[in-house]
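Colleague: Provided below: structure.txt, containing compact mmCIF, N, CA and C atoms.
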```txt
# COMPACT_ATOMS: atom_id res chain seq x y z
N MET X 1 87.88 98.23 54.69
CA MET X 1 88.45 97.66 55.90
C MET X 1 89.91 97.27 55.62
N PRO X 2 90.85 97.66 56.46
CA PRO X 2 92.26 97.34 56.20
C PRO X 2 92.52 95.85 56.30
N ASP X 3 93.49 95.40 55.52
CA ASP X 3 93.88 94.00 55.51
C ASP X 3 94.91 93.79 56.62
N HIS X 4 94.60 92.91 57.57
CA HIS X 4 95.48 92.68 58.70
C HIS X 4 96.26 91.38 58.51
N GLU X 5 97.05 91.33 57.44
CA GLU X 5 97.88 90.15 57.22
C GLU X 5 98.96 90.10 58.29
N GLU X 6 99.41 88.90 58.58
CA GLU X 6 100.49 88.75 59.55
C GLU X 6 101.74 89.40 58.98
N GLN X 7 102.37 90.26 59.77
CA GLN X 7 103.56 90.97 59.29
C GLN X 7 104.72 89.99 59.20
N GLU X 8 105.45 90.07 58.09
CA GLU X 8 106.59 89.19 57.90
C GLU X 8 107.75 89.64 58.78
N GLU X 9 108.44 88.69 59.36
CA GLU X 9 109.59 89.00 60.19
C GLU X 9 110.84 88.98 59.32
N VAL X 10 111.58 90.08 59.34
CA VAL X 10 112.81 90.18 58.56
C VAL X 10 113.99 89.92 59.48
N ILE X 11 114.89 89.06 59.03
CA ILE X 11 116.08 88.70 59.79
C ILE X 11 117.28 89.17 59.00
N VAL X 12 118.22 89.80 59.67
CA VAL X 12 119.45 90.24 59.01
C VAL X 12 120.58 89.31 59.44
N LEU X 13 121.21 88.66 58.46
CA LEU X 13 122.33 87.78 58.73
C LEU X 13 123.61 88.42 58.20
N THR X 14 124.70 88.22 58.91
CA THR X 14 126.00 88.75 58.51
C THR X 14 126.85 87.60 58.02
N ASP X 15 127.37 87.71 56.79
CA ASP X 15 128.19 86.63 56.24
C ASP X 15 129.63 86.74 56.72
N GLU X 16 130.47 85.80 56.27
CA GLU X 16 131.85 85.75 56.73
C GLU X 16 132.68 86.98 56.31
N LYS X 17 132.19 87.74 55.33
CA LYS X 17 132.87 88.97 54.88
C LYS X 17 132.37 90.19 55.65
N GLY X 18 131.42 90.00 56.56
CA GLY X 18 130.87 91.11 57.33
C GLY X 18 129.73 91.83 56.62
N GLU X 19 129.29 91.30 55.48
CA GLU X 19 128.19 91.93 54.74
C GLU X 19 126.86 91.44 55.29
N GLU X 20 125.90 92.37 55.41
CA GLU X 20 124.59 92.03 55.94
C GLU X 20 123.63 91.68 54.80
N HIS X 21 122.80 90.67 55.04
CA HIS X 21 121.81 90.22 54.06
C HIS X 21 120.47 90.04 54.78
N GLU X 22 119.40 90.58 54.18
CA GLU X 22 118.08 90.45 54.77
C GLU X 22 117.38 89.20 54.24
N PHE X 23 116.67 88.53 55.14
CA PHE X 23 115.87 87.37 54.80
C PHE X 23 114.51 87.51 55.48
N THR X 24 113.51 86.90 54.89
CA THR X 24 112.19 86.86 55.50
C THR X 24 112.03 85.51 56.17
N LEU X 25 111.63 85.52 57.44
CA LEU X 25 111.37 84.28 58.17
C LEU X 25 110.04 83.73 57.69
N ILE X 26 110.07 82.56 57.05
CA ILE X 26 108.87 81.94 56.50
C ILE X 26 108.20 81.03 57.52
N ASP X 27 109.01 80.25 58.22
CA ASP X 27 108.45 79.28 59.15
C ASP X 27 109.54 78.80 60.10
N VAL X 28 109.13 78.22 61.20
CA VAL X 28 110.03 77.54 62.12
C VAL X 28 109.53 76.11 62.23
N LEU X 29 110.39 75.17 61.88
CA LEU X 29 110.03 73.75 61.90
C LEU X 29 110.67 73.07 63.09
N GLN X 30 110.03 72.02 63.58
CA GLN X 30 110.63 71.20 64.61
C GLN X 30 110.85 69.81 64.01
N VAL X 31 112.12 69.39 64.00
CA VAL X 31 112.49 68.09 63.45
C VAL X 31 113.44 67.43 64.44
N ASP X 32 113.12 66.22 64.84
CA ASP X 32 113.96 65.45 65.77
C ASP X 32 114.28 66.26 67.04
N GLY X 33 113.29 67.01 67.54
CA GLY X 33 113.46 67.74 68.78
C GLY X 33 114.24 69.04 68.67
N LYS X 34 114.64 69.42 67.46
CA LYS X 34 115.37 70.68 67.26
C LYS X 34 114.52 71.60 66.39
N GLU X 35 114.75 72.91 66.55
CA GLU X 35 114.01 73.88 65.76
C GLU X 35 114.88 74.42 64.64
N TYR X 36 114.24 74.67 63.49
CA TYR X 36 114.93 75.16 62.31
C TYR X 36 114.15 76.32 61.72
N ALA X 37 114.86 77.38 61.34
CA ALA X 37 114.24 78.54 60.71
C ALA X 37 114.35 78.39 59.20
N VAL X 38 113.23 78.62 58.52
CA VAL X 38 113.20 78.61 57.06
C VAL X 38 113.14 80.06 56.61
N LEU X 39 114.14 80.48 55.85
CA LEU X 39 114.27 81.87 55.44
C LEU X 39 114.29 81.98 53.92
N LEU X 40 113.74 83.08 53.41
CA LEU X 40 113.80 83.36 51.98
C LEU X 40 114.45 84.72 51.79
N PRO X 41 115.28 84.85 50.74
CA PRO X 41 115.86 86.17 50.45
C PRO X 41 114.79 87.11 49.94
N PRO X 42 115.07 88.41 49.95
CA PRO X 42 114.09 89.37 49.42
C PRO X 42 113.74 89.07 47.97
N GLU X 43 112.56 89.53 47.57
CA GLU X 43 112.07 89.25 46.23
C GLU X 43 112.98 89.77 45.13
N ASP X 44 113.76 90.83 45.41
CA ASP X 44 114.58 91.41 44.35
C ASP X 44 115.83 90.59 44.04
N GLU X 45 116.13 89.58 44.84
CA GLU X 45 117.28 88.73 44.54
C GLU X 45 116.85 87.61 43.61
N ASP X 46 117.79 87.15 42.78
CA ASP X 46 117.50 86.12 41.79
C ASP X 46 117.23 84.76 42.42
N ASP X 47 117.90 84.46 43.52
CA ASP X 47 117.82 83.13 44.12
C ASP X 47 116.60 83.03 45.03
N ASP X 48 115.63 82.18 44.68
CA ASP X 48 114.46 82.03 45.53
C ASP X 48 114.48 80.73 46.32
N GLU X 49 115.67 80.16 46.48
CA GLU X 49 115.83 78.96 47.27
C GLU X 49 115.71 79.30 48.75
N ALA X 50 115.03 78.47 49.50
CA ALA X 50 114.93 78.68 50.94
C ALA X 50 116.27 78.38 51.60
N VAL X 51 116.55 79.12 52.65
CA VAL X 51 117.74 78.89 53.47
C VAL X 51 117.23 78.32 54.78
N ILE X 52 117.80 77.20 55.20
CA ILE X 52 117.37 76.56 56.45
C ILE X 52 118.53 76.56 57.42
N LEU X 53 118.30 77.12 58.60
CA LEU X 53 119.32 77.20 59.64
C LEU X 53 118.75 76.65 60.94
N ARG X 54 119.62 76.04 61.75
CA ARG X 54 119.20 75.51 63.04
C ARG X 54 119.12 76.65 64.05
N LEU X 55 118.07 76.63 64.86
CA LEU X 55 117.86 77.64 65.89
C LEU X 55 118.41 77.09 67.20
N GLU X 56 119.38 77.81 67.77
CA GLU X 56 119.99 77.41 69.04
C GLU X 56 119.97 78.57 70.01
N THR X 57 120.23 78.29 71.27
CA THR X 57 120.30 79.32 72.30
C THR X 57 121.74 79.39 72.80
N ASP X 58 122.31 80.62 72.82
CA ASP X 58 123.68 80.77 73.30
C ASP X 58 123.74 80.85 74.82
N GLU X 59 124.94 81.06 75.36
CA GLU X 59 125.13 81.08 76.82
C GLU X 59 124.33 82.19 77.51
N GLN X 60 124.07 83.28 76.79
CA GLN X 60 123.33 84.41 77.36
C GLN X 60 121.82 84.23 77.21
N GLY X 61 121.38 83.11 76.61
CA GLY X 61 119.96 82.86 76.44
C GLY X 61 119.37 83.48 75.17
N ASN X 62 120.24 83.97 74.28
CA ASN X 62 119.79 84.57 73.03
C ASN X 62 119.63 83.51 71.95
N ASP X 63 118.58 83.66 71.14
CA ASP X 63 118.41 82.76 70.00
C ASP X 63 119.44 83.10 68.94
N THR X 64 120.07 82.07 68.39
CA THR X 64 121.03 82.25 67.31
C THR X 64 120.71 81.26 66.21
N LEU X 65 121.08 81.62 64.99
CA LEU X 65 120.89 80.75 63.83
C LEU X 65 122.25 80.23 63.41
N VAL X 66 122.36 78.91 63.25
CA VAL X 66 123.64 78.31 62.87
C VAL X 66 123.45 77.42 61.66
N ASP X 67 124.53 77.30 60.88
CA ASP X 67 124.51 76.44 59.71
C ASP X 67 124.32 74.98 60.12
N ILE X 68 123.71 74.22 59.24
CA ILE X 68 123.57 72.78 59.46
C ILE X 68 124.75 72.12 58.76
N ASP X 69 125.64 71.52 59.54
CA ASP X 69 126.86 70.94 58.99
C ASP X 69 126.65 69.55 58.41
N SER X 70 125.73 68.81 58.97
CA SER X 70 125.50 67.42 58.56
C SER X 70 124.55 67.37 57.37
N GLU X 71 124.99 66.70 56.32
CA GLU X 71 124.14 66.54 55.13
C GLU X 71 122.88 65.74 55.47
N GLU X 72 123.01 64.73 56.34
CA GLU X 72 121.87 63.93 56.73
C GLU X 72 120.84 64.76 57.49
N GLU X 73 121.32 65.60 58.40
CA GLU X 73 120.42 66.46 59.17
C GLU X 73 119.71 67.44 58.23
N PHE X 74 120.47 68.05 57.31
CA PHE X 74 119.87 68.99 56.37
C PHE X 74 118.82 68.29 55.51
N ASP X 75 119.12 67.09 55.04
CA ASP X 75 118.16 66.35 54.20
C ASP X 75 116.86 66.07 54.95
N ARG X 76 116.95 65.71 56.25
CA ARG X 76 115.74 65.45 57.04
C ARG X 76 114.90 66.71 57.17
N VAL X 77 115.55 67.84 57.43
CA VAL X 77 114.82 69.10 57.60
C VAL X 77 114.23 69.56 56.26
N ALA X 78 115.00 69.45 55.19
CA ALA X 78 114.50 69.85 53.87
C ALA X 78 113.30 68.99 53.48
N GLU X 79 113.34 67.71 53.79
CA GLU X 79 112.21 66.83 53.49
C GLU X 79 110.98 67.23 54.30
N ALA X 80 111.17 67.57 55.57
CA ALA X 80 110.05 68.01 56.40
C ALA X 80 109.46 69.31 55.85
N TRP X 81 110.30 70.22 55.38
CA TRP X 81 109.85 71.49 54.80
C TRP X 81 109.06 71.23 53.52
N ASP X 82 109.57 70.33 52.67
CA ASP X 82 108.86 69.99 51.43
C ASP X 82 107.48 69.39 51.73
N GLU X 83 107.41 68.49 52.72
CA GLU X 83 106.14 67.88 53.08
C GLU X 83 105.16 68.93 53.60
N LEU X 84 105.63 69.85 54.41
CA LEU X 84 104.77 70.90 54.94
C LEU X 84 104.25 71.79 53.81
N ARG X 85 105.11 72.15 52.87
CA ARG X 85 104.67 72.97 51.73
C ARG X 85 103.62 72.25 50.90
N GLU X 86 103.82 70.94 50.70
CA GLU X 86 102.84 70.15 49.93
C GLU X 86 101.50 70.12 50.65
N GLU X 87 101.51 69.96 51.98
CA GLU X 87 100.26 69.96 52.76
C GLU X 87 99.54 71.29 52.62
N VAL X 88 100.27 72.38 52.70
CA VAL X 88 99.67 73.71 52.59
C VAL X 88 99.09 73.91 51.20
N GLU X 89 99.82 73.47 50.16
CA GLU X 89 99.32 73.59 48.79
C GLU X 89 98.06 72.76 48.60
N ASP X 90 98.05 71.54 49.15
CA ASP X 90 96.87 70.68 49.03
C ASP X 90 95.67 71.31 49.72
N GLU X 91 95.87 71.89 50.91
CA GLU X 91 94.78 72.55 51.63
C GLU X 91 94.25 73.74 50.84
N ALA X 92 95.16 74.49 50.22
CA ALA X 92 94.73 75.65 49.43
C ALA X 92 93.92 75.19 48.22
N GLU X 93 94.32 74.10 47.58
CA GLU X 93 93.57 73.56 46.44
C GLU X 93 92.20 73.09 46.89
N ASP X 94 92.14 72.41 48.04
CA ASP X 94 90.86 71.93 48.56
C ASP X 94 89.91 73.09 48.85
N GLU X 95 90.43 74.17 49.44
CA GLU X 95 89.60 75.33 49.73
C GLU X 95 89.11 75.97 48.45
N GLY X 96 89.96 75.99 47.42
CA GLY X 96 89.55 76.55 46.13
C GLY X 96 88.45 75.76 45.48
N GLU X 97 88.50 74.43 45.62
CA GLU X 97 87.47 73.57 45.05
C GLU X 97 86.16 73.73 45.79
N GLU X 98 86.20 73.93 47.10
CA GLU X 98 84.99 74.11 47.89
C GLU X 98 84.27 75.39 47.47
N GLY X 99 85.04 76.41 47.14
CA GLY X 99 84.46 77.69 46.77
C GLY X 99 83.81 77.67 45.40
N GLU X 100 84.09 76.65 44.60
CA GLU X 100 83.55 76.56 43.25
C GLU X 100 82.14 76.01 43.21
N ASP X 101 81.69 75.38 44.28
CA ASP X 101 80.35 74.77 44.29
C ASP X 101 79.24 75.77 44.34
```
Before we go any further, please render this structure as C-alpha cells.

Modeller:
Amino acid sequence: MPDHEEQEEVIVLTDEKGEEHEFTLIDVLQVDGKEYAVLLPPEDEDDDEAVILRLETDEQGNDTLVDIDSEEEFDRVAEAWDELREEVEDEAEDEGEEGED
C-alpha cells in the first residue's frame, strides 16, 4: 500500500542579489494575532536553522513573506516555535512508550 504522507510545500525566496533559494514550509504559527511561516532550507545545505518570516497580504490580496524587523517580535515567535516543537517531541515520546507495553 503506498504511503500517503503529506506533501511538503516548497517555497522559493529571492534574496537581495536576485538569487533564488528553496525552502520547505514546516509550519504556520499564529502569535499575537499575526501569522508566521517557519521554513527550513533543503537538506543538502549545511545550515539547518529554521527561518521565520511574517505572513502578510499585499494590496492585490496575495500572501507575501516579510522579514521580522523587531528583535522582540522575533523572540516571541521563536519561543512559540520552540514550545510547539517540544510539545510534538513529548507527544512522540509518549506514543513510543505506549507502543512498548

Colleague: Of the candidates X:Val88, X:Ala37, X:Leu55, X:Leu65, which one gets nearest to Leu25 of chain X if we count all atoms listed in the file?

Modeller: X:Ala37

Colleague: Kindly give the distance, in Å, that separates atom CA of Asn62 of chain X and atom CA of Asp75 of chain X, rounded to a single decimal.

Modeller: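 So the answer is 26.3 Å.
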
Colleague: Hey, what's within 6.5 Å of Leu53 of chain X if we count only N, CA and C atoms and toss same-chain stuff fewer than 5 positions away? As a list in words, please?

Modeller: Glu35, Tyr36, Ala37, Val38, Leu39, Leu65, Val66, Asp67 and Ile68 of chain X

Colleague: Residues of the last selection are to be written out with N, CA and C atoms, as a short mmCIF file (atom, residue, chain, number, x, y, z; two decimals), keeping the file's coordinate frame.

Modeller:
```cif
data_model
loop_
_atom_site.label_atom_id
_atom_site.label_comp_id
_atom_site.auth_asym_id
_atom_site.auth_seq_id
_atom_site.Cartn_x
_atom_site.Cartn_y
_atom_site.Cartn_z
N GLU X 35 114.75 72.91 66.55
CA GLU X 35 114.01 73.88 65.76
C GLU X 35 114.88 74.42 64.64
N TYR X 36 114.24 74.67 63.49
CA TYR X 36 114.93 75.16 62.31
C TYR X 36 114.15 76.32 61.72
N ALA X 37 114.86 77.38 61.34
CA ALA X 37 114.24 78.54 60.71
C ALA X 37 114.35 78.39 59.20
N VAL X 38 113.23 78.62 58.52
CA VAL X 38 113.20 78.61 57.06
C VAL X 38 113.14 80.06 56.61
N LEU X 39 114.14 80.48 55.85
CA LEU X 39 114.27 81.87 55.44
C LEU X 39 114.29 81.98 53.92
N LEU X 65 121.08 81.62 64.99
CA LEU X 65 120.89 80.75 63.83
C LEU X 65 122.25 80.23 63.41
N VAL X 66 122.36 78.91 63.25
CA VAL X 66 123.64 78.31 62.87
C VAL X 66 123.45 77.42 61.66
N ASP X 67 124.53 77.30 60.88
CA ASP X 67 124.51 76.44 59.71
C ASP X 67 124.32 74.98 60.12
N ILE X 68 123.71 74.22 59.24
CA ILE X 68 123.57 72.78 59.46
C ILE X 68 124.75 72.12 58.76
#
```

Colleague: In Å to one decimal, how far is atom CA of Val31 of chain X from atom CA of Val77 of chain X?

Modeller: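 Separation of atom CA of Val77 of chain X and atom CA of Val31 of chain X: 6.4 Å.
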
Colleague: If you run DSSP on the backbone, which residues of segment 43-78 of chain X are alpha helix (DSSP H), as an mmCIF file with N, CA and C atoms, keeping the file's coordinate frame?

Modeller:
```cif
data_model
loop_
_atom_site.group_PDB
_atom_site.id
_atom_site.type_symbol
_atom_site.label_atom_id
_atom_site.label_comp_id
_atom_site.auth_asym_id
_atom_site.auth_seq_id
_atom_site.Cartn_x
_atom_site.Cartn_y
_atom_site.Cartn_z
ATOM 1 N N GLU X 71 124.990 66.700 56.320
ATOM 2 C CA GLU X 71 124.140 66.540 55.130
ATOM 3 C C GLU X 71 122.880 65.740 55.470
ATOM 4 N N GLU X 72 123.010 64.730 56.340
ATOM 5 C CA GLU X 72 121.870 63.930 56.730
ATOM 6 C C GLU X 72 120.840 64.760 57.490
ATOM 7 N N GLU X 73 121.320 65.600 58.400
ATOM 8 C CA GLU X 73 120.420 66.460 59.170
ATOM 9 C C GLU X 73 119.710 67.440 58.230
ATOM 10 N N PHE X 74 120.470 68.050 57.310
ATOM 11 C CA PHE X 74 119.870 68.990 56.370
ATOM 12 C C PHE X 74 118.820 68.290 55.510
ATOM 13 N N ASP X 75 119.120 67.090 55.040
ATOM 14 C CA ASP X 75 118.160 66.350 54.200
ATOM 15 C C ASP X 75 116.860 66.070 54.950
ATOM 16 N N ARG X 76 116.950 65.710 56.250
ATOM 17 C CA ARG X 76 115.740 65.450 57.040
ATOM 18 C C ARG X 76 114.900 66.710 57.170
ATOM 19 N N VAL X 77 115.550 67.840 57.430
ATOM 20 C CA VAL X 77 114.820 69.100 57.600
ATOM 21 C C VAL X 77 114.230 69.560 56.260
ATOM 22 N N ALA X 78 115.000 69.450 55.190
ATOM 23 C CA ALA X 78 114.500 69.850 53.870
ATOM 24 C C ALA X 78 113.300 68.990 53.480
#
```

Colleague: To one decimal in Å, tell me the separation between atom C of Ile52 of chain X and atom C of Glu91 of chain X.

Modeller: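 Value for the atom C of Ile52 of chain X-atom C of Glu91 of chain X distance: 25.3 Å.
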
Colleague: Hey, what's within 5 Å of Val12 of chain X if we count all atoms listed in the file and toss same-chain stuff fewer than 2 positions away? As a list in words, please?

Modeller: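 My reading of the contact set: Val10, Thr14, His21, Glu22 and Phe23 of chain X.
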
Colleague: Pick from X:Asp32, X:Glu49, X:Glu43, X:Glu59: nearest to Arg76 of chain X, with only N, CA and C atoms counted?

Modeller: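 Checking each candidate against Arg76 of chain X, we get X:Asp32 as the closest.
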
Colleague: Could you tell me which of X:Leu13, X:Val51, X:Leu40, X:Leu29 comes closest to Trp81 of chain X if we count only C-alpha atoms?

Modeller: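 Closest candidate: X:Leu29.
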
Colleague: From a DSSP calculation on the backbone, collect every residue of chain X in strand (DSSP E) and output the set as a PDB file with N, CA and C atoms, keeping the file's coordinate frame.

Modeller:
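So the final result, stored in selection_18.pdb, reads:
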```
ATOM      1  N   GLU X   9     108.440  88.690  59.360  1.00  0.00           N
ATOM      2  CA  GLU X   9     109.590  89.000  60.190  1.00  0.00           C
ATOM      3  C   GLU X   9     110.840  88.980  59.320  1.00  0.00           C
ATOM      4  N   VAL X  10     111.580  90.080  59.340  1.00  0.00           N
ATOM      5  CA  VAL X  10     112.810  90.180  58.560  1.00  0.00           C
ATOM      6  C   VAL X  10     113.990  89.920  59.480  1.00  0.00           C
ATOM      7  N   ILE X  11     114.890  89.060  59.030  1.00  0.00           N
ATOM      8  CA  ILE X  11     116.080  88.700  59.790  1.00  0.00           C
ATOM      9  C   ILE X  11     117.280  89.170  59.000  1.00  0.00           C
ATOM     10  N   VAL X  12     118.220  89.800  59.670  1.00  0.00           N
ATOM     11  CA  VAL X  12     119.450  90.240  59.010  1.00  0.00           C
ATOM     12  C   VAL X  12     120.580  89.310  59.440  1.00  0.00           C
ATOM     13  N   LEU X  13     121.210  88.660  58.460  1.00  0.00           N
ATOM     14  CA  LEU X  13     122.330  87.780  58.730  1.00  0.00           C
ATOM     15  C   LEU X  13     123.610  88.420  58.200  1.00  0.00           C
ATOM     16  N   THR X  14     124.700  88.220  58.910  1.00  0.00           N
ATOM     17  CA  THR X  14     126.000  88.750  58.510  1.00  0.00           C
ATOM     18  C   THR X  14     126.850  87.600  58.020  1.00  0.00           C
ATOM     19  N   GLU X  20     125.900  92.370  55.410  1.00  0.00           N
ATOM     20  CA  GLU X  20     124.590  92.030  55.940  1.00  0.00           C
ATOM     21  C   GLU X  20     123.630  91.680  54.800  1.00  0.00           C
ATOM     22  N   HIS X  21     122.800  90.670  55.040  1.00  0.00           N
ATOM     23  CA  HIS X  21     121.810  90.220  54.060  1.00  0.00           C
ATOM     24  C   HIS X  21     120.470  90.040  54.780  1.00  0.00           C
ATOM     25  N   GLU X  22     119.400  90.580  54.180  1.00  0.00           N
ATOM     26  CA  GLU X  22     118.080  90.450  54.770  1.00  0.00           C
ATOM     27  C   GLU X  22     117.380  89.200  54.240  1.00  0.00           C
ATOM     28  N   PHE X  23     116.670  88.530  55.140  1.00  0.00           N
ATOM     29  CA  PHE X  23     115.870  87.370  54.800  1.00  0.00           C
ATOM     30  C   PHE X  23     114.510  87.510  55.480  1.00  0.00           C
ATOM     31  N   THR X  24     113.510  86.900  54.890  1.00  0.00           N
ATOM     32  CA  THR X  24     112.190  86.860  55.500  1.00  0.00           C
ATOM     33  C   THR X  24     112.030  85.510  56.170  1.00  0.00           C
ATOM     34  N   LEU X  25     111.630  85.520  57.440  1.00  0.00           N
ATOM     35  CA  LEU X  25     111.370  84.280  58.170  1.00  0.00           C
ATOM     36  C   LEU X  25     110.040  83.730  57.690  1.00  0.00           C
ATOM     37  N   ILE X  26     110.070  82.560  57.050  1.00  0.00           N
ATOM     38  CA  ILE X  26     108.870  81.940  56.500  1.00  0.00           C
ATOM     39  C   ILE X  26     108.200  81.030  57.520  1.00  0.00           C
ATOM     40  N   ASP X  27     109.010  80.250  58.220  1.00  0.00           N
ATOM     41  CA  ASP X  27     108.450  79.280  59.150  1.00  0.00           C
ATOM     42  C   ASP X  27     109.540  78.800  60.100  1.00  0.00           C
ATOM     43  N   VAL X  28     109.130  78.220  61.200  1.00  0.00           N
ATOM     44  CA  VAL X  28     110.030  77.540  62.120  1.00  0.00           C
ATOM     45  C   VAL X  28     109.530  76.110  62.230  1.00  0.00           C
ATOM     46  N   LEU X  29     110.390  75.170  61.880  1.00  0.00           N
ATOM     47  CA  LEU X  29     110.030  73.750  61.900  1.00  0.00           C
ATOM     48  C   LEU X  29     110.670  73.070  63.090  1.00  0.00           C
ATOM     49  N   GLN X  30     110.030  72.020  63.580  1.00  0.00           N
ATOM     50  CA  GLN X  30     110.630  71.200  64.610  1.00  0.00           C
ATOM     51  C   GLN X  30     110.850  69.810  64.010  1.00  0.00           C
ATOM     52  N   VAL X  31     112.120  69.390  64.000  1.00  0.00           N
ATOM     53  CA  VAL X  31     112.490  68.090  63.450  1.00  0.00           C
ATOM     54  C   VAL X  31     113.440  67.430  64.440  1.00  0.00           C
ATOM     55  N   LYS X  34     114.640  69.420  67.460  1.00  0.00           N
ATOM     56  CA  LYS X  34     115.370  70.680  67.260  1.00  0.00           C
ATOM     57  C   LYS X  34     114.520  71.600  66.390  1.00  0.00           C
ATOM     58  N   GLU X  35     114.750  72.910  66.550  1.00  0.00           N
ATOM     59  CA  GLU X  35     114.010  73.880  65.760  1.00  0.00           C
ATOM     60  C   GLU X  35     114.880  74.420  64.640  1.00  0.00           C
ATOM     61  N   TYR X  36     114.240  74.670  63.490  1.00  0.00           N
ATOM     62  CA  TYR X  36     114.930  75.160  62.310  1.00  0.00           C
ATOM     63  C   TYR X  36     114.150  76.320  61.720  1.00  0.00           C
ATOM     64  N   ALA X  37     114.860  77.380  61.340  1.00  0.00           N
ATOM     65  CA  ALA X  37     114.240  78.540  60.710  1.00  0.00           C
ATOM     66  C   ALA X  37     114.350  78.390  59.200  1.00  0.00           C
ATOM     67  N   VAL X  38     113.230  78.620  58.520  1.00  0.00           N
ATOM     68  CA  VAL X  38     113.200  78.610  57.060  1.00  0.00           C
ATOM     69  C   VAL X  38     113.140  80.060  56.610  1.00  0.00           C
ATOM     70  N   LEU X  39     114.140  80.480  55.850  1.00  0.00           N
ATOM     71  CA  LEU X  39     114.270  81.870  55.440  1.00  0.00           C
ATOM     72  C   LEU X  39     114.290  81.980  53.920  1.00  0.00           C
ATOM     73  N   LEU X  40     113.740  83.080  53.410  1.00  0.00           N
ATOM     74  CA  LEU X  40     113.800  83.360  51.980  1.00  0.00           C
ATOM     75  C   LEU X  40     114.450  84.720  51.790  1.00  0.00           C
ATOM     76  N   VAL X  51     116.550  79.120  52.650  1.00  0.00           N
ATOM     77  CA  VAL X  51     117.740  78.890  53.470  1.00  0.00           C
ATOM     78  C   VAL X  51     117.230  78.320  54.780  1.00  0.00           C
ATOM     79  N   ILE X  52     117.800  77.200  55.200  1.00  0.00           N
ATOM     80  CA  ILE X  52     117.370  76.560  56.450  1.00  0.00           C
ATOM     81  C   ILE X  52     118.530  76.560  57.420  1.00  0.00           C
ATOM     82  N   LEU X  53     118.300  77.120  58.600  1.00  0.00           N
ATOM     83  CA  LEU X  53     119.320  77.200  59.640  1.00  0.00           C
ATOM     84  C   LEU X  53     118.750  76.650  60.940  1.00  0.00           C
ATOM     85  N   ARG X  54     119.620  76.040  61.750  1.00  0.00           N
ATOM     86  CA  ARG X  54     119.200  75.510  63.040  1.00  0.00           C
ATOM     87  C   ARG X  54     119.120  76.650  64.050  1.00  0.00           C
ATOM     88  N   LEU X  55     118.070  76.630  64.860  1.00  0.00           N
ATOM     89  CA  LEU X  55     117.860  77.640  65.890  1.00  0.00           C
ATOM     90  C   LEU X  55     118.410  77.090  67.200  1.00  0.00           C
ATOM     91  N   GLU X  56     119.380  77.810  67.770  1.00  0.00           N
ATOM     92  CA  GLU X  56     119.990  77.410  69.040  1.00  0.00           C
ATOM     93  C   GLU X  56     119.970  78.570  70.010  1.00  0.00           C
ATOM     94  N   THR X  57     120.230  78.290  71.270  1.00  0.00           N
ATOM     95  CA  THR X  57     120.300  79.320  72.300  1.00  0.00           C
ATOM     96  C   THR X  57     121.740  79.390  72.800  1.00  0.00           C
ATOM     97  N   ASP X  63     118.580  83.660  71.140  1.00  0.00           N
ATOM     98  CA  ASP X  63     118.410  82.760  70.000  1.00  0.00           C
ATOM     99  C   ASP X  63     119.440  83.100  68.940  1.00  0.00           C
ATOM    100  N   THR X  64     120.070  82.070  68.390  1.00  0.00           N
ATOM    101  CA  THR X  64     121.030  82.250  67.310  1.00  0.00           C
ATOM    102  C   THR X  64     120.710  81.260  66.210  1.00  0.00           C
ATOM    103  N   LEU X  65     121.080  81.620  64.990  1.00  0.00           N
ATOM    104  CA  LEU X  65     120.890  80.750  63.830  1.00  0.00           C
ATOM    105  C   LEU X  65     122.250  80.230  63.410  1.00  0.00           C
ATOM    106  N   VAL X  66     122.360  78.910  63.250  1.00  0.00           N
ATOM    107  CA  VAL X  66     123.640  78.310  62.870  1.00  0.00           C
ATOM    108  C   VAL X  66     123.450  77.420  61.660  1.00  0.00           C
TER     109      VAL X  66
END
```
